[in-house]
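Below: the structure, in structure tokens.
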Amino acid sequence: MKKALLLSLSLLGFLDASLAQTTKPIPPATLQYRPAYHFSPAKMWMNDPNGMVYHNGTYHLFFQHYPDGMEWGPMHWGHATSKDLVSWQEQPIALYPDSLGYIFSGSAVVDANNTAGFGKNALVAIFTHHDPKGEKAGSKTFQNQSIAYSLDEGKTWKKYAQNPVLKNPGITDFRDPKVSWYEAGKKWVMTLATKDRITFYSSPNLKDWTKLSEFGEKLGAHGGVWECPDLFPLTLEGKTHWVLLVSINPGGPNSGSATQYFVGQFDGKTFTPGSTKTQWVDYGKDDYAGVTYGNTGNRRIFQGWMSNWEYANQVPTSPWRNAMTVPRELALRKVGTSVYLTSQPVKEVSQLMQAGRVTLQNLTVSQELDLSSRLPNPGDKLQLKLSTKQLTDFALVLSNSRGEELVIGYDKKANEYYVDRSKAGNSSFSTKFPGRHAAPRYATTPAADITMLFDGTSVELFADNGLTVLTELFFPNEVLNTLKLKSSSGLVITQLDCAKPALAVK
Ligand code: FRU
């Protein structure tokens with residue numbers, strides 16, 4: 001195995017898991033950490049979301065899964081379904097490893113025109129076969145693209161007999177196919193991560209693939225290997241732009257795993273970026289490998305893996321490890337001459353926040369405002385929305401009787417939002433975990449609105465209607481049940497809205 005590859009695999013935690021493959025005992029249950037409205041598997045390991053597609057009124061979420069261990073191991077595709085993107089039912093495993101290898105990340109499409117010949121409206125999964133034996137033997141071609149299909153709403157799958165459909169030309173990292181129908185050219189387009197760049201392919205039938213072009217060898221962030229790309233159109237002021245998502249690990253803005261994006265044009269062959277500035281979908285440490293759902297009409301719905309390879313194998317939850325972010329609706333917005341990708345929780349998440357609503361208006365925070373009596377028991381599953389006409393320095397502090405605290409705020413001088421989890425509870429599992437993580441504010445208006453979603457061990461911050469996003473995990477030893485606002489420069493809050501999800505914890 002090449003030294004660079006060894007390094008990248010050990011950074012991912014792959015090496016320990018795939019070579020040793022020891023099944024460690026399951027740690028004691030930590031049920032207080034189970035999220036209520038974020039998907040997490042009933043048990044065992046989960047990483048990237050895969051094959052996300054809307055079909056016959058159901059959202060399908062497949063995921064990288066090791067059903068026999070709490071750490072990354074031989075990859076399967078787990079499966080969950082939802083009618084509303086917030087309440088998920090886990091289904092039997094969809095794809096198992098086979099003689100060609102583990103089932104790595106990929107996508108799924110509805111083959112409405114039966115281009116592949118598996119049947120009209122067949123669900124077709126396009127994924128990477130990762131051959132651990134080839135990898136161990138030092139081959140360069142151990143990752144290849146394969147397909148499988150389902151004629152019963154994703155319940156059972158048949159792998160195509162002539163897999164792989166796209167053979168590796170000799171690139172060690174050759175994976176994570178995201179396929180969608182390119183209507184203008186009446187063909188399928190595959191966006192594939194190929195080590196330090198993206199390679200586009202096209203196909204008439206999902207079986208025969210032709211290389212179109214490459215993008216990004218010298219553009220964007222390259223702190224680590226490129227993974228899990230996605231390419232899709234979005235409209236801004238009546239004009240179509242193409243957005244290319246590229247996850248990288250490591251090399252994110254707050255270290256470790258993160259997802260960058262480019263906005264540009266795609267002509268059916270080549271992607272040309274409008275700007276070459278590196279931009280991030282989410283500045284927090286815990287949103288990785290996110291891509292969008294297929295077949296959702298005018299909605300562009302994104303969902304990521306709410307973790308980071310720096311410590312995903314060690315986070316202190318049991319009997320499962322890791323959850324997904326909430327699904328988010330993507331859009332483009334202009335600020336000055338720059339075009340940004342915005343993410344906001346899908347409306348289904350806002351509609352869920354119906355329980356125990358408290359709305360406070362015209363609050364002046366001079367130094368410290370203890371809201372504990374007005375927002376009793378904020379608890380650990382809630383949505384907080386804060387609006388102000390004049391954004392200035394502030395810190396929202398959630399704490400408990402053990403002195404643990406999570407601080408979320410805005411630093412005016414640095415013009416950045418931040419989440420500080422340095423003292424938010426258990427971080428003994430990784431030195432890479434604690435810290436203060438910041439994100440630039442792109443909005444230029446004095447007014448601001450900030451939505452925060454809490455769900456046990458996570459906060460997702462969407463500022464300025466999704467122009468700045470920060471997702472962070474934290475593991476308090478007791479619920480953070482006291483809420484205080486601090487501002488040395490006198491923040492005036494027009495409205496603070498607090499509501500809880502009307503959903504039972506799994
Ligand atoms: C991203 C990733 C993918 C790969 C999968 C393996 O987190 O490394 O590139 O397909 O995880 O589980």
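Residues are named by chain letter and number: chains run A, B, ... in the order of the structure tokens, numbers start at 1 in each chain, and ligands are numbered from 1 in the order shown.
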Just asking: which residues within range 352-406 of chain A are strand (DSSP E or B) according to DSSP, as a count of residues only?
34
Using only C-alpha atoms and all ligand atoms, find each residue in chain A having at least one atom no more than 10 Å away from ligand 1; report its shortest atom-to-atom pair and that distance in Å (one decimal), rows by chain then rising number, as CSV.
residue,atom,partner,partner_atom_place_in_ligand_line,distance
A:Ser8,CA,ligand 1,8 (O),9.6
A:Leu9,CA,ligand 1,8 (O),8.6
A:Leu12,CA,ligand 1,8 (O),7.0
A:Gly13,CA,ligand 1,8 (O),9.7
A:Phe14,CA,ligand 1,12 (O),8.4
A:Met46,CA,ligand 1,12 (O),8.6
A:Asn47,CA,ligand 1,12 (O),6.3
A:Asp48,CA,ligand 1,7 (O),5.5
A:Pro49,CA,ligand 1,7 (O),9.0
A:Asn50,CA,ligand 1,10 (O),9.2
A:Phe63,CA,ligand 1,12 (O),9.0
A:Gln64,CA,ligand 1,12 (O),5.6
A:His65,CA,ligand 1,12 (O),7.8
A:Tyr66,CA,ligand 1,12 (O),9.1
A:Trp72,CA,ligand 1,12 (O),7.2
A:Gly73,CA,ligand 1,12 (O),8.1
A:Pro74,CA,ligand 1,12 (O),8.3
A:Met75,CA,ligand 1,12 (O),6.1
A:His76,CA,ligand 1,12 (O),8.7
A:Trp77,CA,ligand 1,12 (O),9.7
A:Tyr102,CA,ligand 1,6 (C),8.7
A:Ile103,CA,ligand 1,10 (O),7.9
A:Phe104,CA,ligand 1,10 (O),4.1
A:Ser105,CA,ligand 1,10 (O),3.9
A:Gly106,CA,ligand 1,10 (O),7.2
A:Phe127,CA,ligand 1,10 (O),8.3
A:Thr128,CA,ligand 1,10 (O),6.7
A:His129,CA,ligand 1,10 (O),8.9
A:His130,CA,ligand 1,10 (O),8.2
A:Gln143,CA,ligand 1,10 (O),9.3
A:Asp173,CA,ligand 1,9 (O),8.1
A:Phe174,CA,ligand 1,9 (O),8.6
A:Arg175,CA,ligand 1,10 (O),6.0
A:Asp176,CA,ligand 1,10 (O),5.2
A:Pro177,CA,ligand 1,10 (O),8.9
A:Ala193,CA,ligand 1,9 (O),7.9
A:Thr194,CA,ligand 1,9 (O),9.9
A:Lys195,CA,ligand 1,9 (O),9.7
A:Val225,CA,ligand 1,9 (O),8.5
A:Trp226,CA,ligand 1,9 (O),7.7
A:Glu227,CA,ligand 1,9 (O),4.6
A:Cys228,CA,ligand 1,9 (O),5.7
A:Pro229,CA,ligand 1,9 (O),9.3
A:Ser247,CA,ligand 1,1 (C),7.9
A:Ile248,CA,ligand 1,1 (C),8.4
A:Asn249,CA,ligand 1,7 (O),7.9
A:Ser257,CA,ligand 1,7 (O),8.3
A:Ala258,CA,ligand 1,7 (O),9.9
A:Tyr288,CA,ligand 1,7 (O),7.0
A:Ala289,CA,ligand 1,7 (O),5.6
A:Gly290,CA,ligand 1,7 (O),9.3
A:Trp305,CA,ligand 1,7 (O),8.2
A:Ser307,CA,ligand 1,7 (O),9.4
A:Asn308,CA,ligand 1,7 (O),8.5
A:Trp309,CA,ligand 1,7 (O),7.4
Within 8 Å of Gln344 in chain A using only C-alpha atoms, minus same-chain residues under 5 positions, as an MDAnalysis selection string:
chainID A and resid 328:330 462 465:466
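Residues lying within 8 Å of Glu368 in chain A, counting only C-alpha atoms and ignoring same-chain neighbours fewer than 6 positions away, are A:Lys484, A:Leu485, A:Lys486, A:Ser487.
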Next, the residues of the selection above should be written as a PDB file, in the first residue's frame with N, CA, C and O atoms.
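Once written, out.pdb looks like this:
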ATOM      1  N   LYS A 484     -29.064  31.477  29.041  1.00  0.00           N
ATOM      2  CA  LYS A 484     -28.768  32.883  29.332  1.00  0.00           C
ATOM      3  C   LYS A 484     -28.290  33.557  28.073  1.00  0.00           C
ATOM      4  O   LYS A 484     -27.631  32.932  27.239  1.00  0.00           O
ATOM      5  N   LEU A 485     -28.594  34.838  27.954  1.00  0.00           N
ATOM      6  CA  LEU A 485     -28.063  35.620  26.841  1.00  0.00           C
ATOM      7  C   LEU A 485     -27.105  36.649  27.404  1.00  0.00           C
ATOM      8  O   LEU A 485     -27.393  37.264  28.444  1.00  0.00           O
ATOM      9  N   LYS A 486     -25.988  36.843  26.736  1.00  0.00           N
ATOM     10  CA  LYS A 486     -25.024  37.829  27.196  1.00  0.00           C
ATOM     11  C   LYS A 486     -24.690  38.763  26.042  1.00  0.00           C
ATOM     12  O   LYS A 486     -24.578  38.306  24.892  1.00  0.00           O
ATOM     13  N   SER A 487     -24.541  40.038  26.338  1.00  0.00           N
ATOM     14  CA  SER A 487     -24.104  40.976  25.306  1.00  0.00           C
ATOM     15  C   SER A 487     -23.510  42.197  25.982  1.00  0.00           C
ATOM     16  O   SER A 487     -24.192  42.882  26.745  1.00  0.00           O
TER      17      SER A 487
END
Between A:Gly51, A:Pro67, A:Pro35, A:Pro440, single out the one closest to Gln279 in chain A, counting only C-alpha atoms.
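For Gln279 in chain A, the nearest of the candidates is A:Pro440.
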